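Inspection log for the structure reproduced underneath, given as structure tokens.
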Amino acid sequence: MPAAIDRPRVRSLLFGFLAVAAVVLVLPGLPWIQTAELKWLDQQFRWLRGNWPLSARHSIIVIGIDEDTPRVMGVPLALMHRQLGALLEGLAAVRPVAVGLDVTLPEASFDSVQPGLDAALTRGLLRLRQVAPVVIGATVGPDGSARPIHPPFVAAAGAAGKGYVLLPADRDRVLRRFDERLGEGGEILPSLAGQLARRLGVQPAPGVVDFSVDGRFEFVTFQQALAWKVQGDTAALQRAFAGKIALIGPVLKFEDRHPVPAAIVPWEPDSTLVPGVVLHAQHLAALLRDRIIEAAPPAALFLPIAAVACLWWLRPRAFTYVIAGTVLVALTLTGMEGLRSGWHIPTFAIGLAAVLAVASRTLYEAWFAAVERRRLSDAFGGVVSPAVLERILSGQIRTRRTGKRRNICIMFSDLRGFTTLSESMAPEAVTALLNRYFDAMTRVIHANGGTLDKFIGDGIMAFFGAPEKRSCACDDAVAAGRAMLEALATLNSELEKEGALPLYIGIGLNYGPAVIGFVGASDRHEYTAIGDTVNTASRIEGLTKETGYPLLVSQSVQARLTNKEGFVPLGEKAIKGHAPVEVFGWRSGVVT
């Protein structure tokens, strides 16, 4: 016969799953989850860059303007037109692949400050433009409008020779993305890296910059590169710049620094706060390697998140946690493989959904176990011994809400003449006497492995062999019956000293099949035994007064006793509503 369905538990499990599913499905849209997803993406980039990097297709060298450059040049950066023009002429002589200037050029002529400055820079731009694409950096003013550049410089750079040095930041202020849709209403503002890529035949698209592309950017200071030009050291210029992309810009320690996902500056291997010119180099390296990563569409998250939410249905055990761990490892590998394939899959949200599903089921089971422990404690706290109760609560002894058939030994005991005795006593005195009697009897029953079923007026029903299975249930029941008679003798001695009348009891035992389980309404029930074996035990107890023996057992009990000494066969006795039953009597100085 299949076990009955525990409908309340099924309903609570279904409700729990629906609640977990509802929570995990909204995870990707939560701002803090999106930020955490970005941080996890950073970790993936760092691991890939450190263990599985992609090499750049073009060598990129950064010509850095550092803190020493103005001192060595003898002029401030704003007036370094002659030096910059001379360096561009030197680069033109060795034919680099392309040159980008992440340098703020003036809005107007500086010839009024020092004649010839404009011509020097313009000449350098024109000569370089004849041999390689050149792009000059542009920016915006405080009001967000485009900041103009002195027209001769823009003209010298040529068409598509200007690119903005603006860099989009994510919600956590980290710069991970390439996106030129930075104008009003999403207008395209061509970037420095984007224009260089276009000049080199690559059409850029928006997305996440792949920071696992390791350009291993070379570095030379502005003053060193200019020194080679001034000294006519063409060989040094050739080694440094021929066949490479050169980006010129400041590498100051405390200015124009930006947070990025990974350390990309070779000469600063532990810093993720990098100069803007190096970040442009990273953008350009990723663009030329076709490594701008697209975000997976939000709809693509529904199925994997819904799938991992189903981990809720796995009961908490070691195998479940192994499965959950395997899912997390698989998600990590999938996320990295996705990045390699050009897709950003938000595996953090999926992984968190898996963790929440398993953790929620674990917490639910802990809550359910606490409720069940309290229910079992309420149900069995007064009917079994503390040792047996602890084994029930710890799960070593299984109990069922539904009935289960089992062979047990049933005990009934009853006080003789107590009704007449109680008529001469105050109700408070009757209650106090019964409590003393029940306390003594309950201790004995529990001490011998019995389960107290109920008190019936001044009677007691107990059984042996459930909920804890015992191979010697009849021996336990007989031992309990004898001990009850001894305990009653002790109680009677106390009552005699108090001037009270003694108590007498009859005990009947029967062994056989009974249905054990919880009986009653859904909100009030008891753990009890029912069946013909129970009814017969009650009738046998009723024979104790007739036979004169305080302890009577059926033949089914006597046949299973290890020690049958002291039992007297009394033959078959007629009992109401049942065929005659063969019984055996036992007494030990206690009379009825």
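Just so we're on the same page: first chain in the structure tokens is A, next is B, and so on; residues restart at 1 for each chain, and ligands are numbered from 1 in the order they show up.
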Could you name the residues that touch A:Ala108 at 9 Å or less, counting only C-alpha atoms, but leaving out those on the same chain fewer than 5 positions away, as a list in words? Pro148, Ile149, His150 and Pro151 of chain A
At a cut-off of 8 Å, using only C-alpha atoms, what residues contact stretch 158-168 of chain A? Leave out same-chain residues fewer than 3 positions from it and give the result as a PyMOL selection string. chain A and resi 102+129+133-139+154-155+175-179+182+189-195+199+280
Can you write out the residues you just picked, keeping C-alpha atoms, as a compact mmCIF listing (two decimals), in the first residue's frame?
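The result, written out as selection16.txt:
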# COMPACT_ATOMS: atom_id res chain seq x y z
CA ASP A 102 45.97 61.82 -26.50
CA ARG A 129 50.11 62.01 -42.30
CA PRO A 133 47.21 57.52 -40.35
CA VAL A 134 47.24 60.08 -37.56
CA VAL A 135 44.40 60.91 -35.17
CA ILE A 136 44.42 63.80 -32.72
CA GLY A 137 42.43 63.69 -29.50
CA ALA A 138 39.42 65.92 -28.87
CA THR A 139 37.38 66.47 -25.75
CA VAL A 154 42.60 69.51 -37.55
CA ALA A 155 43.22 70.19 -41.25
CA LEU A 175 35.73 51.76 -17.53
CA ARG A 176 35.01 48.46 -19.28
CA ARG A 177 33.11 49.39 -22.40
CA PHE A 178 33.76 50.78 -25.81
CA ASP A 179 30.86 52.94 -26.90
CA LEU A 182 28.03 59.55 -26.16
CA LEU A 189 31.14 60.82 -31.19
CA PRO A 190 34.03 59.04 -32.94
CA SER A 191 36.66 58.06 -30.37
CA LEU A 192 40.44 58.18 -30.60
CA ALA A 193 40.70 54.36 -30.63
CA GLY A 194 37.67 54.04 -32.90
CA GLN A 195 39.07 56.44 -35.51
CA ARG A 199 41.83 54.13 -40.47
CA HIS A 280 42.99 53.94 -25.38
Can you list, as a PDB file with N, CA and C atoms, in the first residue's frame, every residue of stretch 225-352 of chain A that DSSP puts in helix (DSSP H, G or I)?
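And here is the file that came out, out-v8.pdb:
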ATOM      1  N   ALA A 225      62.248  59.638 -26.725  1.00  0.00           N
ATOM      2  CA  ALA A 225      61.950  59.526 -28.154  1.00  0.00           C
ATOM      3  C   ALA A 225      62.398  60.783 -28.896  1.00  0.00           C
ATOM      4  N   LEU A 226      62.184  61.954 -28.284  1.00  0.00           N
ATOM      5  CA  LEU A 226      62.611  63.188 -28.930  1.00  0.00           C
ATOM      6  C   LEU A 226      64.131  63.274 -28.998  1.00  0.00           C
ATOM      7  N   ALA A 227      64.794  62.762 -27.965  1.00  0.00           N
ATOM      8  CA  ALA A 227      66.262  62.786 -27.961  1.00  0.00           C
ATOM      9  C   ALA A 227      66.814  61.985 -29.134  1.00  0.00           C
ATOM     10  N   TRP A 228      66.206  60.843 -29.429  1.00  0.00           N
ATOM     11  CA  TRP A 228      66.654  60.049 -30.579  1.00  0.00           C
ATOM     12  C   TRP A 228      66.509  60.856 -31.875  1.00  0.00           C
ATOM     13  N   LYS A 229      65.405  61.598 -31.986  1.00  0.00           N
ATOM     14  CA  LYS A 229      65.195  62.419 -33.187  1.00  0.00           C
ATOM     15  C   LYS A 229      66.225  63.539 -33.261  1.00  0.00           C
ATOM     16  N   VAL A 230      66.409  64.249 -32.152  1.00  0.00           N
ATOM     17  CA  VAL A 230      67.352  65.372 -32.146  1.00  0.00           C
ATOM     18  C   VAL A 230      68.774  64.893 -32.431  1.00  0.00           C
ATOM     19  N   THR A 234      68.471  57.389 -36.010  1.00  0.00           N
ATOM     20  CA  THR A 234      67.389  56.761 -36.770  1.00  0.00           C
ATOM     21  C   THR A 234      67.225  55.286 -36.422  1.00  0.00           C
ATOM     22  N   ALA A 235      68.343  54.634 -36.111  1.00  0.00           N
ATOM     23  CA  ALA A 235      68.287  53.206 -35.773  1.00  0.00           C
ATOM     24  C   ALA A 235      67.438  52.970 -34.520  1.00  0.00           C
ATOM     25  N   ALA A 236      67.604  53.847 -33.517  1.00  0.00           N
ATOM     26  CA  ALA A 236      66.812  53.703 -32.295  1.00  0.00           C
ATOM     27  C   ALA A 236      65.337  53.963 -32.587  1.00  0.00           C
ATOM     28  N   LEU A 237      65.062  54.983 -33.385  1.00  0.00           N
ATOM     29  CA  LEU A 237      63.690  55.252 -33.766  1.00  0.00           C
ATOM     30  C   LEU A 237      63.085  54.078 -34.540  1.00  0.00           C
ATOM     31  N   GLN A 238      63.903  53.502 -35.412  1.00  0.00           N
ATOM     32  CA  GLN A 238      63.450  52.364 -36.213  1.00  0.00           C
ATOM     33  C   GLN A 238      63.093  51.184 -35.320  1.00  0.00           C
ATOM     34  N   ARG A 239      63.968  50.874 -34.372  1.00  0.00           N
ATOM     35  CA  ARG A 239      63.705  49.744 -33.475  1.00  0.00           C
ATOM     36  C   ARG A 239      62.463  49.979 -32.628  1.00  0.00           C
ATOM     37  N   ALA A 240      62.270  51.202 -32.213  1.00  0.00           N
ATOM     38  CA  ALA A 240      61.175  51.491 -31.287  1.00  0.00           C
ATOM     39  C   ALA A 240      59.825  51.601 -31.989  1.00  0.00           C
ATOM     40  N   PHE A 241      59.768  52.201 -33.182  1.00  0.00           N
ATOM     41  CA  PHE A 241      58.480  52.590 -33.733  1.00  0.00           C
ATOM     42  C   PHE A 241      58.134  52.012 -35.095  1.00  0.00           C
ATOM     43  N   GLY A 276      44.967  57.397 -19.138  1.00  0.00           N
ATOM     44  CA  GLY A 276      44.013  57.361 -20.239  1.00  0.00           C
ATOM     45  C   GLY A 276      44.621  56.864 -21.532  1.00  0.00           C
ATOM     46  N   VAL A 277      45.869  57.240 -21.817  1.00  0.00           N
ATOM     47  CA  VAL A 277      46.492  56.838 -23.074  1.00  0.00           C
ATOM     48  C   VAL A 277      46.649  55.319 -23.144  1.00  0.00           C
ATOM     49  N   VAL A 278      46.909  54.679 -21.984  1.00  0.00           N
ATOM     50  CA  VAL A 278      47.040  53.218 -21.972  1.00  0.00           C
ATOM     51  C   VAL A 278      45.666  52.569 -22.178  1.00  0.00           C
ATOM     52  N   LEU A 279      44.627  53.174 -21.622  1.00  0.00           N
ATOM     53  CA  LEU A 279      43.285  52.637 -21.817  1.00  0.00           C
ATOM     54  C   LEU A 279      42.870  52.736 -23.285  1.00  0.00           C
ATOM     55  N   HIS A 280      43.243  53.845 -23.939  1.00  0.00           N
ATOM     56  CA  HIS A 280      42.989  53.939 -25.382  1.00  0.00           C
ATOM     57  C   HIS A 280      43.738  52.844 -26.133  1.00  0.00           C
ATOM     58  N   ALA A 281      44.932  52.548 -25.681  1.00  0.00           N
ATOM     59  CA  ALA A 281      45.711  51.477 -26.312  1.00  0.00           C
ATOM     60  C   ALA A 281      45.014  50.130 -26.147  1.00  0.00           C
ATOM     61  N   GLN A 282      44.439  49.893 -24.958  1.00  0.00           N
ATOM     62  CA  GLN A 282      43.720  48.638 -24.731  1.00  0.00           C
ATOM     63  C   GLN A 282      42.485  48.562 -25.613  1.00  0.00           C
ATOM     64  N   HIS A 283      41.751  49.665 -25.712  1.00  0.00           N
ATOM     65  CA  HIS A 283      40.579  49.700 -26.596  1.00  0.00           C
ATOM     66  C   HIS A 283      40.986  49.381 -28.032  1.00  0.00           C
ATOM     67  N   LEU A 284      42.065  49.997 -28.482  1.00  0.00           N
ATOM     68  CA  LEU A 284      42.506  49.805 -29.850  1.00  0.00           C
ATOM     69  C   LEU A 284      42.969  48.368 -30.081  1.00  0.00           C
ATOM     70  N   ALA A 285      43.679  47.800 -29.107  1.00  0.00           N
ATOM     71  CA  ALA A 285      44.137  46.412 -29.248  1.00  0.00           C
ATOM     72  C   ALA A 285      42.951  45.467 -29.358  1.00  0.00           C
ATOM     73  N   ALA A 286      41.895  45.707 -28.539  1.00  0.00           N
ATOM     74  CA  ALA A 286      40.712  44.857 -28.595  1.00  0.00           C
ATOM     75  C   ALA A 286      39.955  45.045 -29.901  1.00  0.00           C
ATOM     76  N   LEU A 287      39.867  46.285 -30.380  1.00  0.00           N
ATOM     77  CA  LEU A 287      39.173  46.541 -31.637  1.00  0.00           C
ATOM     78  C   LEU A 287      39.864  45.845 -32.806  1.00  0.00           C
ATOM     79  N   LEU A 288      41.159  45.968 -32.854  1.00  0.00           N
ATOM     80  CA  LEU A 288      41.904  45.375 -33.970  1.00  0.00           C
ATOM     81  C   LEU A 288      41.931  43.850 -33.900  1.00  0.00           C
ATOM     82  N   PRO A 298      18.804  39.684 -22.465  1.00  0.00           N
ATOM     83  CA  PRO A 298      18.158  39.336 -21.181  1.00  0.00           C
ATOM     84  C   PRO A 298      17.259  38.112 -21.267  1.00  0.00           C
ATOM     85  N   ALA A 299      16.588  37.939 -22.397  1.00  0.00           N
ATOM     86  CA  ALA A 299      15.678  36.799 -22.536  1.00  0.00           C
ATOM     87  C   ALA A 299      16.425  35.477 -22.451  1.00  0.00           C
ATOM     88  N   ALA A 300      17.722  35.496 -22.827  1.00  0.00           N
ATOM     89  CA  ALA A 300      18.497  34.256 -22.804  1.00  0.00           C
ATOM     90  C   ALA A 300      18.770  33.794 -21.382  1.00  0.00           C
ATOM     91  N   LEU A 301      18.550  34.660 -20.389  1.00  0.00           N
ATOM     92  CA  LEU A 301      18.802  34.293 -18.995  1.00  0.00           C
ATOM     93  C   LEU A 301      17.644  33.519 -18.391  1.00  0.00           C
ATOM     94  N   PHE A 302      16.476  33.620 -18.978  1.00  0.00           N
ATOM     95  CA  PHE A 302      15.288  33.036 -18.352  1.00  0.00           C
ATOM     96  C   PHE A 302      15.432  31.533 -18.154  1.00  0.00           C
ATOM     97  N   LEU A 303      15.797  30.817 -19.221  1.00  0.00           N
ATOM     98  CA  LEU A 303      15.871  29.359 -19.129  1.00  0.00           C
ATOM     99  C   LEU A 303      16.930  28.879 -18.140  1.00  0.00           C
ATOM    100  N   PRO A 304      18.194  29.379 -18.204  1.00  0.00           N
ATOM    101  CA  PRO A 304      19.172  28.875 -17.232  1.00  0.00           C
ATOM    102  C   PRO A 304      18.824  29.211 -15.792  1.00  0.00           C
ATOM    103  N   ILE A 305      18.266  30.408 -15.550  1.00  0.00           N
ATOM    104  CA  ILE A 305      17.903  30.759 -14.177  1.00  0.00           C
ATOM    105  C   ILE A 305      16.729  29.895 -13.709  1.00  0.00           C
ATOM    106  N   ALA A 306      15.754  29.677 -14.597  1.00  0.00           N
ATOM    107  CA  ALA A 306      14.634  28.808 -14.235  1.00  0.00           C
ATOM    108  C   ALA A 306      15.125  27.389 -13.977  1.00  0.00           C
ATOM    109  N   ALA A 307      16.121  26.954 -14.751  1.00  0.00           N
ATOM    110  CA  ALA A 307      16.646  25.592 -14.581  1.00  0.00           C
ATOM    111  C   ALA A 307      17.337  25.428 -13.232  1.00  0.00           C
ATOM    112  N   VAL A 308      18.197  26.378 -12.865  1.00  0.00           N
ATOM    113  CA  VAL A 308      18.905  26.229 -11.588  1.00  0.00           C
ATOM    114  C   VAL A 308      17.968  26.433 -10.403  1.00  0.00           C
ATOM    115  N   ALA A 309      16.864  27.158 -10.616  1.00  0.00           N
ATOM    116  CA  ALA A 309      15.878  27.304  -9.543  1.00  0.00           C
ATOM    117  C   ALA A 309      15.297  25.949  -9.166  1.00  0.00           C
ATOM    118  N   CYS A 310      15.303  25.013 -10.110  1.00  0.00           N
ATOM    119  CA  CYS A 310      14.769  23.673  -9.837  1.00  0.00           C
ATOM    120  C   CYS A 310      15.653  22.884  -8.869  1.00  0.00           C
ATOM    121  N   LEU A 311      16.847  23.390  -8.556  1.00  0.00           N
ATOM    122  CA  LEU A 311      17.654  22.753  -7.510  1.00  0.00           C
ATOM    123  C   LEU A 311      16.925  22.760  -6.172  1.00  0.00           C
ATOM    124  N   TRP A 312      15.911  23.609  -6.046  1.00  0.00           N
ATOM    125  CA  TRP A 312      15.085  23.637  -4.829  1.00  0.00           C
ATOM    126  C   TRP A 312      14.526  22.246  -4.515  1.00  0.00           C
ATOM    127  N   TRP A 313      14.233  21.466  -5.562  1.00  0.00           N
ATOM    128  CA  TRP A 313      13.558  20.184  -5.350  1.00  0.00           C
ATOM    129  C   TRP A 313      14.506  19.100  -4.850  1.00  0.00           C
ATOM    130  N   ALA A 318      24.648  15.532   0.960  1.00  0.00           N
ATOM    131  CA  ALA A 318      25.967  15.727   0.362  1.00  0.00           C
ATOM    132  C   ALA A 318      25.892  15.732  -1.159  1.00  0.00           C
ATOM    133  N   PHE A 319      25.099  14.823  -1.731  1.00  0.00           N
ATOM    134  CA  PHE A 319      25.010  14.732  -3.186  1.00  0.00           C
ATOM    135  C   PHE A 319      24.452  16.020  -3.777  1.00  0.00           C
ATOM    136  N   THR A 320      23.484  16.632  -3.088  1.00  0.00           N
ATOM    137  CA  THR A 320      22.906  17.889  -3.569  1.00  0.00           C
ATOM    138  C   THR A 320      23.960  18.981  -3.633  1.00  0.00           C
ATOM    139  N   TYR A 321      24.776  19.067  -2.590  1.00  0.00           N
ATOM    140  CA  TYR A 321      25.805  20.106  -2.566  1.00  0.00           C
ATOM    141  C   TYR A 321      26.886  19.839  -3.620  1.00  0.00           C
ATOM    142  N   VAL A 322      27.138  18.565  -3.899  1.00  0.00           N
ATOM    143  CA  VAL A 322      28.076  18.234  -4.980  1.00  0.00           C
ATOM    144  C   VAL A 322      27.515  18.713  -6.316  1.00  0.00           C
ATOM    145  N   ILE A 323      26.222  18.476  -6.523  1.00  0.00           N
ATOM    146  CA  ILE A 323      25.581  18.931  -7.768  1.00  0.00           C
ATOM    147  C   ILE A 323      25.646  20.452  -7.869  1.00  0.00           C
ATOM    148  N   ALA A 324      25.322  21.137  -6.760  1.00  0.00           N
ATOM    149  CA  ALA A 324      25.354  22.599  -6.776  1.00  0.00           C
ATOM    150  C   ALA A 324      26.758  23.106  -7.064  1.00  0.00           C
ATOM    151  N   GLY A 325      27.758  22.493  -6.446  1.00  0.00           N
ATOM    152  CA  GLY A 325      29.145  22.894  -6.707  1.00  0.00           C
ATOM    153  C   GLY A 325      29.529  22.661  -8.160  1.00  0.00           C
ATOM    154  N   THR A 326      29.063  21.534  -8.711  1.00  0.00           N
ATOM    155  CA  THR A 326      29.349  21.236 -10.121  1.00  0.00           C
ATOM    156  C   THR A 326      28.700  22.281 -11.028  1.00  0.00           C
ATOM    157  N   VAL A 327      27.486  22.691 -10.683  1.00  0.00           N
ATOM    158  CA  VAL A 327      26.795  23.730 -11.463  1.00  0.00           C
ATOM    159  C   VAL A 327      27.590  25.030 -11.437  1.00  0.00           C
ATOM    160  N   LEU A 328      28.108  25.411 -10.266  1.00  0.00           N
ATOM    161  CA  LEU A 328      28.870  26.654 -10.155  1.00  0.00           C
ATOM    162  C   LEU A 328      30.159  26.585 -10.966  1.00  0.00           C
ATOM    163  N   VAL A 329      30.829  25.433 -10.911  1.00  0.00           N
ATOM    164  CA  VAL A 329      32.053  25.274 -11.708  1.00  0.00           C
ATOM    165  C   VAL A 329      31.724  25.350 -13.192  1.00  0.00           C
ATOM    166  N   ALA A 330      30.643  24.661 -13.573  1.00  0.00           N
ATOM    167  CA  ALA A 330      30.232  24.683 -14.987  1.00  0.00           C
ATOM    168  C   ALA A 330      29.884  26.093 -15.438  1.00  0.00           C
ATOM    169  N   LEU A 331      29.230  26.858 -14.572  1.00  0.00           N
ATOM    170  CA  LEU A 331      28.885  28.238 -14.917  1.00  0.00           C
ATOM    171  C   LEU A 331      30.140  29.083 -15.082  1.00  0.00           C
ATOM    172  N   THR A 332      31.118  28.880 -14.206  1.00  0.00           N
ATOM    173  CA  THR A 332      32.370  29.638 -14.310  1.00  0.00           C
ATOM    174  C   THR A 332      33.055  29.348 -15.634  1.00  0.00           C
ATOM    175  N   LEU A 333      33.145  28.068 -15.978  1.00  0.00           N
ATOM    176  CA  LEU A 333      33.784  27.688 -17.239  1.00  0.00           C
ATOM    177  C   LEU A 333      32.968  28.199 -18.432  1.00  0.00           C
ATOM    178  N   THR A 334      31.644  28.131 -18.311  1.00  0.00           N
ATOM    179  CA  THR A 334      30.784  28.621 -19.393  1.00  0.00           C
ATOM    180  C   THR A 334      30.960  30.116 -19.585  1.00  0.00           C
ATOM    181  N   GLY A 335      31.048  30.850 -18.464  1.00  0.00           N
ATOM    182  CA  GLY A 335      31.240  32.294 -18.564  1.00  0.00           C
ATOM    183  C   GLY A 335      32.534  32.651 -19.263  1.00  0.00           C
ATOM    184  N   MET A 336      33.605  31.939 -18.930  1.00  0.00           N
ATOM    185  CA  MET A 336      34.896  32.233 -19.555  1.00  0.00           C
ATOM    186  C   MET A 336      34.900  31.814 -21.019  1.00  0.00           C
ATOM    187  N   GLU A 337      34.288  30.668 -21.306  1.00  0.00           N
ATOM    188  CA  GLU A 337      34.211  30.238 -22.699  1.00  0.00           C
ATOM    189  C   GLU A 337      33.337  31.202 -23.497  1.00  0.00           C
ATOM    190  N   GLY A 338      32.277  31.740 -22.828  1.00  0.00           N
ATOM    191  CA  GLY A 338      31.446  32.734 -23.487  1.00  0.00           C
ATOM    192  C   GLY A 338      32.238  33.980 -23.848  1.00  0.00           C
ATOM    193  N   LEU A 339      33.083  34.450 -22.915  1.00  0.00           N
ATOM    194  CA  LEU A 339      33.932  35.611 -23.207  1.00  0.00           C
ATOM    195  C   LEU A 339      34.861  35.314 -24.371  1.00  0.00           C
ATOM    196  N   ARG A 340      35.386  34.101 -24.405  1.00  0.00           N
ATOM    197  CA  ARG A 340      36.262  33.736 -25.514  1.00  0.00           C
ATOM    198  C   ARG A 340      35.504  33.738 -26.841  1.00  0.00           C
ATOM    199  N   THR A 347      26.853  35.040 -15.633  1.00  0.00           N
ATOM    200  CA  THR A 347      26.843  33.790 -14.855  1.00  0.00           C
ATOM    201  C   THR A 347      26.754  34.050 -13.357  1.00  0.00           C
ATOM    202  N   PHE A 348      27.097  35.257 -12.910  1.00  0.00           N
ATOM    203  CA  PHE A 348      26.989  35.523 -11.478  1.00  0.00           C
ATOM    204  C   PHE A 348      25.536  35.409 -11.030  1.00  0.00           C
ATOM    205  N   ALA A 349      24.631  36.016 -11.792  1.00  0.00           N
ATOM    206  CA  ALA A 349      23.211  35.959 -11.438  1.00  0.00           C
ATOM    207  C   ALA A 349      22.697  34.523 -11.479  1.00  0.00           C
ATOM    208  N   ILE A 350      23.145  33.761 -12.479  1.00  0.00           N
ATOM    209  CA  ILE A 350      22.703  32.364 -12.577  1.00  0.00           C
ATOM    210  C   ILE A 350      23.260  31.566 -11.402  1.00  0.00           C
ATOM    211  N   GLY A 351      24.546  31.771 -11.103  1.00  0.00           N
ATOM    212  CA  GLY A 351      25.156  31.061  -9.979  1.00  0.00           C
ATOM    213  C   GLY A 351      24.510  31.423  -8.658  1.00  0.00           C
ATOM    214  N   LEU A 352      24.206  32.716  -8.489  1.00  0.00           N
ATOM    215  CA  LEU A 352      23.546  33.149  -7.253  1.00  0.00           C
ATOM    216  C   LEU A 352      22.154  32.523  -7.150  1.00  0.00           C
TER     217      LEU A 352
END
Need the shell around A:Arg406: protein/DNA/RNA residues with any atom at most 8 Å away, counting only C-alpha atoms. Skip same-chain ones fewer than 4 positions apart. Format as JSON, numbers by chain? {"A": [513, 514, 515, 516]}
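Shortest separation to A:Leu356 among A:Leu25, A:Leu77, A:Val10, A:Leu54 occurs at residue A:Leu25, atoms counted being only C-alpha atoms.
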